[in-house]
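Shown here: final33.cif, mmCIF, N, CA and C atoms.
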data_upload
#
loop_
_atom_site.label_atom_id
_atom_site.label_comp_id
_atom_site.auth_asym_id
_atom_site.auth_seq_id
_atom_site.Cartn_x
_atom_site.Cartn_y
_atom_site.Cartn_z
N MET A 182 -186.85 -179.70 114.97
CA MET A 182 -185.75 -178.88 114.53
C MET A 182 -186.30 -177.81 113.58
N GLU A 183 -185.82 -176.59 113.74
CA GLU A 183 -186.30 -175.53 112.87
C GLU A 183 -185.13 -174.65 112.45
N ALA A 184 -185.30 -174.00 111.33
CA ALA A 184 -184.30 -173.07 110.82
C ALA A 184 -184.92 -171.68 110.81
N VAL A 185 -184.17 -170.71 111.29
CA VAL A 185 -184.66 -169.34 111.33
C VAL A 185 -183.80 -168.51 110.39
N VAL A 186 -184.45 -167.83 109.48
CA VAL A 186 -183.75 -166.96 108.54
C VAL A 186 -184.06 -165.52 108.94
N THR A 187 -183.02 -164.76 109.17
CA THR A 187 -183.22 -163.35 109.53
C THR A 187 -182.48 -162.47 108.54
N HIS A 188 -183.01 -161.31 108.38
CA HIS A 188 -182.35 -160.32 107.52
C HIS A 188 -182.13 -159.07 108.37
N GLU A 189 -180.89 -158.72 108.58
CA GLU A 189 -180.56 -157.53 109.34
C GLU A 189 -180.06 -156.48 108.36
N SER A 190 -180.81 -155.43 108.24
CA SER A 190 -180.39 -154.38 107.32
C SER A 190 -179.90 -153.16 108.10
N ILE A 191 -179.12 -152.39 107.45
CA ILE A 191 -178.58 -151.17 108.05
C ILE A 191 -179.54 -150.04 107.71
N ASP A 192 -179.86 -149.23 108.69
CA ASP A 192 -180.70 -148.06 108.45
C ASP A 192 -179.79 -146.95 107.90
N TYR A 193 -179.69 -146.92 106.59
CA TYR A 193 -178.78 -145.97 105.95
C TYR A 193 -179.17 -144.52 106.22
N ASP A 194 -180.46 -144.24 106.27
CA ASP A 194 -180.89 -142.86 106.52
C ASP A 194 -180.39 -142.37 107.88
N ARG A 195 -180.54 -143.20 108.90
CA ARG A 195 -180.09 -142.81 110.23
C ARG A 195 -178.56 -142.68 110.26
N MET A 196 -177.86 -143.56 109.58
CA MET A 196 -176.41 -143.51 109.54
C MET A 196 -175.93 -142.23 108.83
N ILE A 197 -176.54 -141.92 107.70
CA ILE A 197 -176.16 -140.71 106.96
C ILE A 197 -176.48 -139.47 107.78
N ASP A 198 -177.62 -139.45 108.48
CA ASP A 198 -177.95 -138.32 109.34
C ASP A 198 -176.90 -138.12 110.43
N ARG A 199 -176.46 -139.22 111.03
CA ARG A 199 -175.44 -139.14 112.08
C ARG A 199 -174.12 -138.59 111.53
N LEU A 200 -173.72 -139.10 110.37
CA LEU A 200 -172.47 -138.63 109.76
C LEU A 200 -172.57 -137.17 109.32
N THR A 201 -173.74 -136.78 108.84
CA THR A 201 -173.94 -135.39 108.41
C THR A 201 -173.85 -134.45 109.60
N LYS A 202 -174.45 -134.82 110.72
CA LYS A 202 -174.36 -133.99 111.92
C LYS A 202 -172.91 -133.85 112.36
N LYS A 203 -172.17 -134.93 112.29
CA LYS A 203 -170.76 -134.91 112.65
C LYS A 203 -169.98 -133.96 111.73
N LEU A 204 -170.26 -134.02 110.43
CA LEU A 204 -169.60 -133.15 109.46
C LEU A 204 -169.91 -131.69 109.73
N VAL A 205 -171.18 -131.37 109.94
CA VAL A 205 -171.57 -129.98 110.17
C VAL A 205 -170.93 -129.45 111.45
N ASN A 206 -170.96 -130.23 112.52
CA ASN A 206 -170.37 -129.78 113.78
C ASN A 206 -168.86 -129.57 113.67
N ARG A 207 -168.18 -130.39 112.89
CA ARG A 207 -166.73 -130.20 112.69
C ARG A 207 -166.43 -129.03 111.76
N ALA A 208 -167.35 -128.71 110.86
CA ALA A 208 -167.14 -127.61 109.91
C ALA A 208 -167.37 -126.24 110.54
N LEU A 209 -168.21 -126.16 111.56
CA LEU A 209 -168.55 -124.86 112.15
C LEU A 209 -167.34 -124.08 112.66
N PRO A 210 -166.39 -124.68 113.41
CA PRO A 210 -165.22 -123.91 113.85
C PRO A 210 -164.35 -123.43 112.68
N ILE A 211 -164.31 -124.18 111.62
CA ILE A 211 -163.54 -123.77 110.44
C ILE A 211 -164.17 -122.54 109.81
N VAL A 212 -165.48 -122.55 109.68
CA VAL A 212 -166.18 -121.39 109.11
C VAL A 212 -166.02 -120.19 110.03
N GLN A 213 -166.12 -120.39 111.33
CA GLN A 213 -165.95 -119.30 112.28
C GLN A 213 -164.57 -118.67 112.14
N ALA A 214 -163.54 -119.48 112.03
CA ALA A 214 -162.17 -118.97 111.90
C ALA A 214 -162.01 -118.16 110.61
N GLU A 215 -162.59 -118.63 109.51
CA GLU A 215 -162.48 -117.91 108.24
C GLU A 215 -163.24 -116.58 108.28
N VAL A 216 -164.38 -116.56 108.96
CA VAL A 216 -165.15 -115.31 109.11
C VAL A 216 -164.32 -114.29 109.89
N VAL A 217 -163.70 -114.72 110.97
CA VAL A 217 -162.86 -113.83 111.77
C VAL A 217 -161.66 -113.36 110.95
N ASN A 218 -161.08 -114.23 110.13
CA ASN A 218 -159.95 -113.85 109.27
C ASN A 218 -160.35 -112.78 108.26
N VAL A 219 -161.58 -112.81 107.79
CA VAL A 219 -162.05 -111.77 106.87
C VAL A 219 -162.19 -110.44 107.60
N LEU A 220 -162.62 -110.47 108.85
CA LEU A 220 -162.81 -109.23 109.62
C LEU A 220 -161.49 -108.55 109.99
N ARG A 221 -160.47 -109.32 110.31
CA ARG A 221 -159.22 -108.77 110.87
C ARG A 221 -158.57 -107.68 110.02
N PRO A 222 -158.36 -107.88 108.73
CA PRO A 222 -157.64 -106.84 107.97
C PRO A 222 -158.43 -105.54 107.80
N HIS A 223 -159.70 -105.54 108.10
CA HIS A 223 -160.51 -104.33 107.92
C HIS A 223 -160.48 -103.43 109.14
N ARG A 224 -159.68 -103.78 110.13
CA ARG A 224 -159.51 -102.97 111.34
C ARG A 224 -160.84 -102.70 112.05
N ILE A 225 -161.70 -103.68 112.01
CA ILE A 225 -162.97 -103.58 112.72
C ILE A 225 -162.71 -103.99 114.17
N THR A 226 -163.46 -103.45 115.08
CA THR A 226 -163.20 -103.68 116.51
C THR A 226 -163.15 -105.16 116.85
N GLY A 227 -162.36 -105.49 117.86
CA GLY A 227 -162.27 -106.86 118.33
C GLY A 227 -163.60 -107.35 118.88
N GLU A 228 -164.47 -106.42 119.25
CA GLU A 228 -165.79 -106.79 119.74
C GLU A 228 -166.59 -107.52 118.67
N THR A 229 -166.45 -107.10 117.43
CA THR A 229 -167.14 -107.77 116.34
C THR A 229 -166.59 -109.17 116.13
N GLU A 230 -165.28 -109.32 116.19
CA GLU A 230 -164.66 -110.65 116.05
C GLU A 230 -165.13 -111.58 117.16
N GLN A 231 -165.20 -111.08 118.38
CA GLN A 231 -165.62 -111.90 119.51
C GLN A 231 -167.10 -112.26 119.45
N SER A 232 -167.87 -111.47 118.71
CA SER A 232 -169.31 -111.74 118.62
C SER A 232 -169.63 -112.89 117.66
N VAL A 233 -168.66 -113.33 116.88
CA VAL A 233 -168.89 -114.43 115.95
C VAL A 233 -168.87 -115.73 116.74
N GLN A 234 -170.02 -116.37 116.84
CA GLN A 234 -170.20 -117.56 117.66
C GLN A 234 -170.71 -118.74 116.84
N ILE A 235 -170.70 -119.92 117.46
CA ILE A 235 -171.16 -121.15 116.81
C ILE A 235 -172.40 -121.66 117.55
N ARG A 236 -173.37 -122.11 116.78
CA ARG A 236 -174.52 -122.82 117.35
C ARG A 236 -174.54 -124.20 116.70
N PRO A 237 -174.20 -125.26 117.46
CA PRO A 237 -174.11 -126.61 116.86
C PRO A 237 -175.47 -127.15 116.41
N VAL A 238 -175.43 -128.27 115.73
CA VAL A 238 -176.63 -128.89 115.18
C VAL A 238 -177.68 -129.13 116.27
N SER A 239 -177.25 -129.61 117.43
CA SER A 239 -178.19 -129.94 118.50
C SER A 239 -178.93 -128.71 119.03
N ALA A 240 -178.37 -127.51 118.88
CA ALA A 240 -178.99 -126.29 119.40
C ALA A 240 -179.67 -125.46 118.31
N THR A 241 -179.69 -125.94 117.09
CA THR A 241 -180.26 -125.21 115.97
C THR A 241 -181.56 -125.85 115.53
N LYS A 242 -182.54 -125.01 115.24
CA LYS A 242 -183.82 -125.53 114.74
C LYS A 242 -183.59 -126.14 113.35
N GLN A 243 -183.96 -127.38 113.20
CA GLN A 243 -183.69 -128.11 111.95
C GLN A 243 -184.87 -127.99 110.99
N ARG A 244 -184.54 -127.85 109.72
CA ARG A 244 -185.56 -127.88 108.68
C ARG A 244 -185.69 -129.30 108.19
N ARG A 245 -186.59 -129.55 107.30
CA ARG A 245 -186.84 -130.91 106.83
C ARG A 245 -185.66 -131.56 106.12
N LYS A 246 -185.16 -130.92 105.10
CA LYS A 246 -184.20 -131.57 104.21
C LYS A 246 -182.76 -131.54 104.70
N TRP A 247 -182.34 -130.45 105.36
CA TRP A 247 -180.92 -130.26 105.62
C TRP A 247 -180.60 -130.35 107.09
N THR A 248 -179.36 -130.67 107.36
CA THR A 248 -178.84 -130.61 108.73
C THR A 248 -178.18 -129.25 108.86
N ILE A 249 -178.58 -128.52 109.87
CA ILE A 249 -178.16 -127.12 109.98
C ILE A 249 -177.44 -126.86 111.30
N GLY A 250 -176.32 -126.18 111.21
CA GLY A 250 -175.61 -125.60 112.33
C GLY A 250 -175.37 -124.15 111.94
N GLU A 251 -175.09 -123.28 112.88
CA GLU A 251 -174.97 -121.86 112.54
C GLU A 251 -173.68 -121.24 113.06
N VAL A 252 -173.15 -120.34 112.25
CA VAL A 252 -172.12 -119.41 112.69
C VAL A 252 -172.81 -118.06 112.61
N TYR A 253 -172.86 -117.34 113.72
CA TYR A 253 -173.64 -116.11 113.75
C TYR A 253 -172.91 -115.03 114.54
N SER A 254 -173.37 -113.80 114.36
CA SER A 254 -172.87 -112.68 115.13
C SER A 254 -174.08 -111.98 115.75
N ASP A 255 -174.00 -111.74 117.05
CA ASP A 255 -175.12 -111.05 117.70
C ASP A 255 -174.84 -109.56 117.92
N ALA A 256 -173.80 -109.04 117.28
CA ALA A 256 -173.52 -107.60 117.35
C ALA A 256 -174.59 -106.86 116.55
N GLU A 257 -175.10 -105.79 117.10
CA GLU A 257 -176.21 -105.08 116.44
C GLU A 257 -175.81 -104.45 115.10
N TRP A 258 -174.53 -104.16 114.91
CA TRP A 258 -174.08 -103.56 113.66
C TRP A 258 -173.63 -104.60 112.62
N ALA A 259 -173.69 -105.88 112.96
CA ALA A 259 -173.24 -106.93 112.03
C ALA A 259 -173.99 -106.91 110.70
N PRO A 260 -175.33 -106.74 110.68
CA PRO A 260 -176.00 -106.69 109.36
C PRO A 260 -175.55 -105.51 108.50
N ILE A 261 -175.23 -104.40 109.14
CA ILE A 261 -174.76 -103.23 108.38
C ILE A 261 -173.41 -103.53 107.75
N LEU A 262 -172.51 -104.14 108.54
CA LEU A 262 -171.20 -104.52 107.99
C LEU A 262 -171.37 -105.53 106.86
N GLU A 263 -172.20 -106.55 107.10
CA GLU A 263 -172.38 -107.64 106.13
C GLU A 263 -172.92 -107.13 104.80
N TRP A 264 -173.91 -106.27 104.83
CA TRP A 264 -174.59 -105.88 103.60
C TRP A 264 -174.12 -104.57 103.01
N LEU A 265 -173.41 -103.73 103.76
CA LEU A 265 -172.98 -102.45 103.19
C LEU A 265 -171.47 -102.31 103.04
N TYR A 266 -170.69 -102.84 103.98
CA TYR A 266 -169.26 -102.57 103.97
C TYR A 266 -168.38 -103.81 103.78
N VAL A 267 -168.47 -104.77 104.66
CA VAL A 267 -167.61 -105.95 104.60
C VAL A 267 -168.49 -107.20 104.67
N PRO A 268 -168.64 -107.93 103.58
CA PRO A 268 -169.47 -109.16 103.63
C PRO A 268 -168.73 -110.30 104.32
N PHE A 269 -168.50 -110.15 105.62
CA PHE A 269 -167.63 -111.09 106.33
C PHE A 269 -168.21 -112.49 106.44
N MET A 270 -169.52 -112.61 106.62
CA MET A 270 -170.11 -113.95 106.74
C MET A 270 -170.08 -114.68 105.39
N ARG A 271 -170.54 -114.01 104.35
CA ARG A 271 -170.57 -114.66 103.03
C ARG A 271 -169.18 -114.99 102.53
N LEU A 272 -168.27 -114.04 102.67
CA LEU A 272 -166.90 -114.25 102.18
C LEU A 272 -166.17 -115.30 103.02
N GLY A 273 -166.35 -115.24 104.33
CA GLY A 273 -165.72 -116.24 105.21
C GLY A 273 -166.22 -117.65 104.92
N THR A 274 -167.52 -117.78 104.67
CA THR A 274 -168.09 -119.08 104.36
C THR A 274 -167.54 -119.60 103.03
N ARG A 275 -167.44 -118.72 102.05
CA ARG A 275 -166.91 -119.13 100.75
C ARG A 275 -165.46 -119.59 100.87
N LYS A 276 -164.67 -118.88 101.69
CA LYS A 276 -163.26 -119.25 101.86
C LYS A 276 -163.11 -120.56 102.64
N ALA A 277 -164.07 -120.88 103.48
CA ALA A 277 -164.00 -122.10 104.29
C ALA A 277 -164.33 -123.35 103.48
N ARG A 278 -164.92 -123.19 102.32
CA ARG A 278 -165.33 -124.35 101.51
C ARG A 278 -164.22 -125.35 101.27
N LYS A 279 -163.03 -124.86 100.89
CA LYS A 279 -161.93 -125.77 100.57
C LYS A 279 -161.50 -126.58 101.80
N HIS A 280 -161.60 -125.97 102.99
CA HIS A 280 -161.23 -126.67 104.22
C HIS A 280 -162.30 -127.69 104.61
N VAL A 281 -163.54 -127.35 104.39
CA VAL A 281 -164.65 -128.25 104.74
C VAL A 281 -164.64 -129.47 103.83
N ARG A 282 -164.32 -129.29 102.58
CA ARG A 282 -164.27 -130.41 101.64
C ARG A 282 -163.28 -131.49 102.10
N LYS A 283 -162.21 -131.05 102.77
CA LYS A 283 -161.22 -132.01 103.27
C LYS A 283 -161.78 -132.89 104.39
N LEU A 284 -162.84 -132.44 105.04
CA LEU A 284 -163.46 -133.23 106.11
C LEU A 284 -164.37 -134.34 105.57
N ILE A 285 -164.86 -134.17 104.37
CA ILE A 285 -165.87 -135.10 103.84
C ILE A 285 -165.33 -136.51 103.70
N LYS A 286 -164.16 -136.67 103.12
CA LYS A 286 -163.63 -138.01 102.92
C LYS A 286 -163.35 -138.75 104.23
N PRO A 287 -162.69 -138.13 105.23
CA PRO A 287 -162.47 -138.87 106.48
C PRO A 287 -163.78 -139.25 107.19
N ILE A 288 -164.80 -138.41 107.08
CA ILE A 288 -166.05 -138.70 107.79
C ILE A 288 -166.92 -139.68 107.01
N PHE A 289 -167.10 -139.42 105.71
CA PHE A 289 -167.99 -140.27 104.92
C PHE A 289 -167.25 -141.41 104.23
N GLY A 290 -165.99 -141.20 103.95
CA GLY A 290 -165.09 -142.14 103.29
C GLY A 290 -165.65 -143.44 102.76
N GLU A 291 -165.38 -144.52 103.46
CA GLU A 291 -165.75 -145.86 103.01
C GLU A 291 -167.26 -146.06 102.96
N THR A 292 -167.99 -145.38 103.81
CA THR A 292 -169.45 -145.52 103.81
C THR A 292 -170.02 -145.08 102.47
N MET A 293 -169.62 -143.93 102.01
CA MET A 293 -170.14 -143.42 100.74
C MET A 293 -169.64 -144.25 99.57
N ARG A 294 -168.42 -144.72 99.65
CA ARG A 294 -167.92 -145.58 98.57
C ARG A 294 -168.74 -146.85 98.50
N GLY A 295 -169.09 -147.42 99.67
CA GLY A 295 -169.91 -148.61 99.70
C GLY A 295 -171.29 -148.36 99.15
N LEU A 296 -171.90 -147.24 99.49
CA LEU A 296 -173.23 -146.90 98.98
C LEU A 296 -173.20 -146.69 97.48
N THR A 297 -172.14 -146.07 97.00
CA THR A 297 -172.00 -145.84 95.57
C THR A 297 -171.87 -147.15 94.83
N ARG A 298 -171.10 -148.08 95.35
CA ARG A 298 -170.95 -149.38 94.71
C ARG A 298 -172.27 -150.14 94.65
N LEU A 299 -173.05 -150.05 95.71
CA LEU A 299 -174.32 -150.74 95.71
C LEU A 299 -175.26 -150.18 94.66
N LYS A 300 -175.21 -148.88 94.44
CA LYS A 300 -176.08 -148.27 93.44
C LYS A 300 -175.69 -148.65 92.02
N ARG A 301 -174.42 -148.91 91.78
CA ARG A 301 -173.97 -149.21 90.41
C ARG A 301 -174.34 -150.60 89.97
N ARG A 302 -174.63 -151.48 90.87
CA ARG A 302 -174.91 -152.87 90.51
C ARG A 302 -176.21 -153.01 89.77
#

Give the structure from the file, written as structure tokens.
Amino acid sequence: MEAVVTHESIDYDRMIDRLTKKLVNRALPIVQAEVVNVLRPHRITGETEQSVQIRPVSATKQRRKWTIGEVYSDAEWAPILEWLYVPFMRLGTRKARKHVRKLIKPIFGETMRGLTRLKRR
């Protein structure tokens, strides 16, 4: 007769990476909508609004520390608008912050609370 003791641990890094990718992918359409909302009142052509696209996490080159998804414009005049006339990307991203924060609790919710409790012990 023998007794086997096993320890099954959760790979928290992989779990957090998965949740972070989910958060970024859900946040991208919100940022895109806010960027387009910044463009609309300036009477800029609809072509510029249509050029604002999303590149999800899976299609974006990842750096070491962060999970990255992109909202971008491929219109050739977009940098001129952004840096000289209407900072639509920067302003749209800033306005989207309050909406993105609302996603954090449903996605990370109990997981982060559990991790926080473990750290306090």

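Residues matched by the PyMOL selection byres (((chain A and resi 271 and name CA) around 12) and name CA) in this file are Val212, Gln213, Glu215, Val216, Val217, Val219, Leu220, Val252, Tyr253, Pro260, Leu262, Glu263, Trp264, Val267, Pro268, Phe269, Met270, Leu272, Gly273, Thr274, Arg275, Lys276, Ala277 and Arg278 of chain A.
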
Need the axis-aligned box for segment 220-239 of chain A with 4 Å each side, so what are the centre and edges in Å to one decimal, as JSON?
{"center_x": -168.3, "center_y": -116.3, "center_z": 113.8, "size_x": 29.3, "size_y": 35.2, "size_z": 19.9}

Surrounding residues of Thr229 of chain A excluding itself and chain neighbours under 4 positions, 8 Å, only C-alpha atoms, as a VMD selection string: chain A and resid 225 233 254 256 259

Please dump the current selection as a PDB file, keeping the file's coordinate frame; keep N, CA and C atoms.
ATOM      1  N   ILE A 225    -161.700-103.680 112.010  1.00  0.00           N
ATOM      2  CA  ILE A 225    -162.970-103.580 112.720  1.00  0.00           C
ATOM      3  C   ILE A 225    -162.710-103.990 114.170  1.00  0.00           C
ATOM      4  N   VAL A 233    -168.660-113.330 116.880  1.00  0.00           N
ATOM      5  CA  VAL A 233    -168.890-114.430 115.950  1.00  0.00           C
ATOM      6  C   VAL A 233    -168.870-115.730 116.740  1.00  0.00           C
ATOM      7  N   SER A 254    -173.370-113.800 114.360  1.00  0.00           N
ATOM      8  CA  SER A 254    -172.870-112.680 115.130  1.00  0.00           C
ATOM      9  C   SER A 254    -174.080-111.980 115.750  1.00  0.00           C
ATOM     10  N   ALA A 256    -173.800-109.040 117.280  1.00  0.00           N
ATOM     11  CA  ALA A 256    -173.520-107.600 117.350  1.00  0.00           C
ATOM     12  C   ALA A 256    -174.590-106.860 116.550  1.00  0.00           C
ATOM     13  N   ALA A 259    -173.690-105.880 112.960  1.00  0.00           N
ATOM     14  CA  ALA A 259    -173.240-106.930 112.030  1.00  0.00           C
ATOM     15  C   ALA A 259    -173.990-106.910 110.700  1.00  0.00           C
TER      16      ALA A 259
END

What are the DSSP strand (DSSP E or B) residues of chain A, as a tab-separated table (two decimals) with N, CA and C atoms, in the coordinates of the input?
chain	number	residue	atom	x	y	z
A	233	VAL	N	-168.66	-113.33	116.88
A	233	VAL	CA	-168.89	-114.43	115.95
A	233	VAL	C	-168.87	-115.73	116.74
A	234	GLN	N	-170.02	-116.37	116.84
A	234	GLN	CA	-170.20	-117.56	117.66
A	234	GLN	C	-170.71	-118.74	116.84
A	235	ILE	N	-170.70	-119.92	117.46
A	235	ILE	CA	-171.16	-121.15	116.81
A	235	ILE	C	-172.40	-121.66	117.55
A	236	ARG	N	-173.37	-122.11	116.78
A	236	ARG	CA	-174.52	-122.82	117.35
A	236	ARG	C	-174.54	-124.20	116.70
A	251	GLU	N	-175.09	-123.28	112.88
A	251	GLU	CA	-174.97	-121.86	112.54
A	251	GLU	C	-173.68	-121.24	113.06
A	252	VAL	N	-173.15	-120.34	112.25
A	252	VAL	CA	-172.12	-119.41	112.69
A	252	VAL	C	-172.81	-118.06	112.61
A	253	TYR	N	-172.86	-117.34	113.72
A	253	TYR	CA	-173.64	-116.11	113.75
A	253	TYR	C	-172.91	-115.03	114.54
A	254	SER	N	-173.37	-113.80	114.36
A	254	SER	CA	-172.87	-112.68	115.13
A	254	SER	C	-174.08	-111.98	115.75

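Of the listed residues (A:Asp192, A:Asn218, A:Ile285, A:Gly290), A:Ile285 comes nearest to Leu204 of chain A; the distances count all atoms listed in the file.
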
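In this structure, atom CA of Lys242 of chain A sits 28.0 Å away from atom CA of Leu265 of chain A.
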